[in-house]
Structures are given as C-alpha cells and as structure tokens.
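Visitor: There's a structure below that I have some questions on.
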Amino acid sequence: MSDDISRDVFVRIQADLLVINDSIMTDRHHASNGNYEDNDPQNQIGGIIPAFSLSGWLRHGMEKVIQQRGGTACHPGEANANFRKDGVYNRDLDAGYHPKGECLEDDDSNGCVIFDLFGGFGNRPGKMMRRPIKFTPVRSSVDYTRGQAEGHYRRLNRNVVSRNEDDNREPLRNVELDAVANLDGCWHLSFRETKPEFIALLAEAIDFLDEHQMDFMHQLGGARNFGGGIVDCHLVNPLYEEHELRRVFDRGKENTNKMAQKDERWENEYCPTFESALTERVEEAP
Ligand SMILES: [Zn+2]
C-alpha cells in the first residue's frame with residue numbers, strides 16, 4: 001500500500017504571521033530596482049522560509065505522537081554535548097526521550113522511527129528531506145506542486161521605550177524583525193524511502209500540531225507571545241494528483257467527487273493500515 005504513495009508529500013500551512021527570527025531570505029535585491037523601501041506595501045518581495053524552524057516544529061509534534069503511543073523519542077541533542085543545563089537534559093530523558101542514537105543497535109539498524117526520519121548521528125542522513133518554502137505575494141505565480149506559498153514579506157520595527165516619565169517614551173532601542181504575513185501554501189517533504197509508519201507518523205503529527213496550534217510550545221518560529229506562529233496545518237491527501245493538489249488552493253473551486261472518493265479511501269483504507277505499522281514499530285522499539 002505504501003507503494004501507492006509518492007515519495008513527495010505536501011503539508012498545507014496557513015499562518016497570519018510568521019517570524020523566523022532573522023533567517024527569512026528575501027529576493028528584495030531583485031525586486032527593488034534601486035529604490036527599495038522595506039515597508040512599502042507595493043513591494044512585490046518574495047523569499048524563502050528555511051526549513052530549520054519548520055523541521056523542529058514538526059519533529060516536536062512527532063515526538064509527542066510517539067510519547068502518546070507509549071514510546072520514547074530520540075532526543076534531538078547529542079548525548080555528549082555540553083548542555084548549558086545538565087539537569088534539563090536528564091529531565092527530558094525522564095519525560096519520554098532516549099539519548100539520540102541510543103536506539104541504534106548495530107550498524108545495520110535503522111534506530112527508532114524518529115531517528116530513521118531525521119538521522120543526524122554518525123553521519124547518517126534522515127529518510128525525510130524537509131525543504132524550504134518559497135513564498136511570493138503574487139498568488140498567480142505560486143506553484144503549489146513545488147512546495148511554494150503565497151506570503152507577504154514585511155519588515156517589522158519594534159521600539160523599546162524608556163519608562164521614565166521625563167523621557168517621554170523616548171526609544172531606547174529599535175529591533176527589526178523579518179516577518180511573513182498571510183502565508184498560505186505547501187510545505188514539500190520528500191521521503192528517501194517510503195515506509196507506512198513514516199506516513200502515519202507524519203499524518204498524526206500534523207493533526208496534533210493543528211489541534212495544538214494555540215499552545216505556546218507548538219507554535220512556529222519567533223514572536224509567539226505576539227500571536228506569531230499560530231499555524232493551521234493539514235496533510236494534503238497523498239493520493240491526490242498534481243491537478244487535484246492545485247485545486248485545494250483554488251478558492252473558486254470545490255473538491256471534485258473523485259477527490260472526495262480519494263479522501264474516503266485515505267481515511268478508511270490507508271490510514272488504518274499505516275497506523276498499525278506505526279503501532280508495531282513503536283512497540284518493538286528498543
Ligand atoms: Zn532513537
């Protein structure tokens with residue numbers, strides 16, 4: 001059954017405001033034509049949201065799914081790293097984690113399912129590649145089938161002002177933030193190998209993150225105290241063909257009957273099979 005699933009899957013991501021600290025890369029040097037103003041709403045600036053924050057956000061969701069199923073998840077930090085807070089690492093280990101790579105029994109083993117997907121220990125690549133999201137404010141030029149999104153880049157300014165009355169709220173310092181507003185698009189993930197438990201874990205983690213989008217811990221990127229990083233997310237049915245994937249984002253069109261049939265098959269046939277593969281893998285984990 002997992003042979004029916006392509007190596008490329010897509011997660012729909014919608015957020016009113018996303019702040020990826022200082023790591024959004026823009027193409028403003030192309031857009032500016034010499035007279036660029038950061039905050040001019042007429043700017044047609046696109047850019048790239050790197051996958052690092054997205055990956056950490058997804059991984060945390062996957063860890064929770066494994067823990068809810070009674071397993072332990074690979075800790076993302078190297079066991080021999082010099083953590084700033086020793087006690088915190090050990091507390092994590094007591095709260096549903098095992099040290100990274102401890103699940104590798106020998107050179108041929110794949111480790112736990114989190115390790116299998118994310119890799120990173122002893123130079124092993126993970127089996128899931130997380131791509132950056134390319135965004136543009138021009139909806140008609142967004143190619144959803146290539147993991148792109150509509151999004152509007154803005155540079156935000158925050159002033160920290162003096163609290164002393166004599167200073168009349170004089171700014172003490174100014175912070176600039178790169179932000180993407182009204183993001184709606186696809187995050188493209190590619191499996192180097194498609195295993196049924198991978199798909200189940202991805203599907204369950206995306207559901208978990210969607211349900212917990214208001215939890216501080218499961219929001220994405222920075223500025224979370226200010227409502228940034230609240231993400232609506234859904235796994236786009238992996239049975240869809242490209243034209244069906246595009247239709248999901250077409251506000252003027254409803255899903256076709258064929259898409260509805262695929263949704264039903266996904267729900268009733270594929271998901272239960274993949275979920276039992278995940279159950280088995282979590283149960284047999286060392
Ligand atoms: Zn592990």
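Chain labels follow the order of the structure tokens: the first chain is A, the next B, and so on; residue numbering restarts at 1 in every chain, and ligands are counted from 1 in their shown order.
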Find the residues of chain A that sit at most 6 Å from ligand 1; for each, write down the nearest two atoms and how far apart they are in Å, to one decimal. Count only C-alpha atoms and all ligand atoms. Sort by chain, then by number going up, and give it as a Markdown table.

Guide:
```
| residue | atom | partner | partner_atom_place_in_ligand_line | distance |
| --- | --- | --- | --- | --- |
| A:Ala73 | CA | ligand 1 | 1 (Zn) | 5.8 |
| A:Cys74 | CA | ligand 1 | 1 (Zn) | 3.7 |
| A:Lys100 | CA | ligand 1 | 1 (Zn) | 5.5 |
| A:Gly101 | CA | ligand 1 | 1 (Zn) | 5.2 |
| A:Glu102 | CA | ligand 1 | 1 (Zn) | 5.9 |
| A:Cys103 | CA | ligand 1 | 1 (Zn) | 4.4 |
| A:Gly111 | CA | ligand 1 | 1 (Zn) | 5.5 |
| A:Cys112 | CA | ligand 1 | 1 (Zn) | 4.3 |
| A:Phe115 | CA | ligand 1 | 1 (Zn) | 4.9 |
```

Visitor: Using the chain letters and numbers from this document, which residues of region 117-157 of chain A does DSSP assign to strand (DSSP E or B), as a PyMOL selection string?

Guide: chain A and resi 119+125+128-130+133-136+148-157

Visitor: List the spatial neighbours of region 128-143 of chain A as JSON, numbers by chain - criterion: any atom at most 7 Å away, only C-alpha atoms, same-chain residues fewer than 3 positions off excluded.

Guide: {"A": [44, 45, 46, 47, 48, 49, 50, 51, 55, 117, 118, 146, 147, 148, 149, 150, 151, 152, 187, 188, 189, 190, 191, 192]}

Visitor: Would you save the residues from that selection as an mmCIF file, in the first residue's frame, using N, CA and C atoms?

Guide:
```cif
data_model
loop_
_atom_site.group_PDB
_atom_site.id
_atom_site.type_symbol
_atom_site.label_atom_id
_atom_site.label_comp_id
_atom_site.auth_asym_id
_atom_site.auth_seq_id
_atom_site.Cartn_x
_atom_site.Cartn_y
_atom_site.Cartn_z
ATOM 1 N N GLN A 44 6.824 43.883 -4.263
ATOM 2 C CA GLN A 44 6.452 42.518 -4.618
ATOM 3 C C GLN A 44 7.607 41.612 -4.231
ATOM 4 N N ILE A 45 7.854 41.561 -2.936
ATOM 5 C CA ILE A 45 9.023 40.823 -2.492
ATOM 6 C C ILE A 45 8.643 39.411 -2.122
ATOM 7 N N GLY A 46 9.383 38.483 -2.664
ATOM 8 C CA GLY A 46 9.217 37.093 -2.264
ATOM 9 C C GLY A 46 10.442 36.664 -1.497
ATOM 10 N N GLY A 47 10.480 35.415 -1.134
ATOM 11 C CA GLY A 47 11.648 34.934 -0.409
ATOM 12 C C GLY A 47 11.529 33.475 -0.076
ATOM 13 N N ILE A 48 12.358 33.094 0.859
ATOM 14 C CA ILE A 48 12.428 31.690 1.246
ATOM 15 C C ILE A 48 12.364 31.578 2.764
ATOM 16 N N ILE A 49 11.507 30.692 3.232
ATOM 17 C CA ILE A 49 11.495 30.344 4.654
ATOM 18 C C ILE A 49 12.335 29.083 4.776
ATOM 19 N N PRO A 50 13.496 29.167 5.429
ATOM 20 C CA PRO A 50 14.343 27.973 5.532
ATOM 21 C C PRO A 50 13.635 26.874 6.324
ATOM 22 N N ALA A 51 14.058 25.643 6.115
ATOM 23 C CA ALA A 51 13.337 24.507 6.704
ATOM 24 C C ALA A 51 13.680 24.251 8.169
ATOM 25 N N SER A 55 11.207 22.250 10.493
ATOM 26 C CA SER A 55 11.607 20.896 10.840
ATOM 27 C C SER A 55 11.535 20.656 12.347
ATOM 28 N N LEU A 117 13.752 8.899 10.464
ATOM 29 C CA LEU A 117 13.303 10.031 9.651
ATOM 30 C C LEU A 117 14.291 11.187 9.647
ATOM 31 N N PHE A 118 14.865 11.480 10.822
ATOM 32 C CA PHE A 118 15.673 12.703 10.944
ATOM 33 C C PHE A 118 17.175 12.463 10.878
ATOM 34 N N ARG A 146 5.289 22.520 -6.244
ATOM 35 C CA ARG A 146 6.718 22.570 -5.950
ATOM 36 C C ARG A 146 6.969 23.067 -4.535
ATOM 37 N N GLY A 147 5.952 22.994 -3.690
ATOM 38 C CA GLY A 147 6.156 23.390 -2.303
ATOM 39 C C GLY A 147 6.321 24.885 -2.141
ATOM 40 N N GLN A 148 5.443 25.638 -2.777
ATOM 41 C CA GLN A 148 5.529 27.092 -2.656
ATOM 42 C C GLN A 148 4.294 27.631 -1.941
ATOM 43 N N ALA A 149 4.357 28.920 -1.625
ATOM 44 C CA ALA A 149 3.267 29.516 -0.859
ATOM 45 C C ALA A 149 3.055 30.961 -1.272
ATOM 46 N N GLU A 150 1.836 31.411 -1.023
ATOM 47 C CA GLU A 150 1.596 32.846 -1.102
ATOM 48 C C GLU A 150 1.970 33.423 0.254
ATOM 49 N N GLY A 151 2.711 34.507 0.261
ATOM 50 C CA GLY A 151 3.075 35.105 1.538
ATOM 51 C C GLY A 151 3.572 36.518 1.306
ATOM 52 N N HIS A 152 3.367 37.375 2.299
ATOM 53 C CA HIS A 152 3.702 38.783 2.134
ATOM 54 C C HIS A 152 4.794 39.183 3.117
ATOM 55 N N TRP A 187 4.114 22.902 2.126
ATOM 56 C CA TRP A 187 5.468 22.518 2.531
ATOM 57 C C TRP A 187 5.730 21.147 1.913
ATOM 58 N N HIS A 188 6.808 21.077 1.161
ATOM 59 C CA HIS A 188 7.131 19.875 0.393
ATOM 60 C C HIS A 188 8.107 19.006 1.184
ATOM 61 N N LEU A 189 7.690 17.794 1.463
ATOM 62 C CA LEU A 189 8.567 16.841 2.150
ATOM 63 C C LEU A 189 8.812 15.668 1.207
ATOM 64 N N SER A 190 10.045 15.191 1.162
ATOM 65 C CA SER A 190 10.333 14.033 0.307
ATOM 66 C C SER A 190 10.911 12.922 1.147
ATOM 67 N N PHE A 191 10.349 11.741 0.990
ATOM 68 C CA PHE A 191 10.907 10.572 1.665
ATOM 69 C C PHE A 191 11.962 9.934 0.772
ATOM 70 N N ARG A 192 13.103 9.627 1.346
ATOM 71 C CA ARG A 192 14.105 8.898 0.569
ATOM 72 C C ARG A 192 13.675 7.453 0.416
#
```

Visitor: One decimal, in Å: what's the spacing between CA of Ala181 (chain A) and CA of Leu18 (chain A)?

Guide: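 Computing the Euclidean distance for CA of Ala181 (chain A) and CA of Leu18 (chain A) yields 6.4 Å.
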
Visitor: Which value, in Å to one decimal, gives the distance between CA of Ile24 (chain A) and CA of Leu54 (chain A)?

Guide: 12.1 Å

Visitor: Residues of region 12-165 of chain A classed as alpha helix (DSSP H) by DSSP on the backbone are to be reported as a PyMOL selection string.

Guide: chain A and resi 28-32+51-68+86-94+113-118
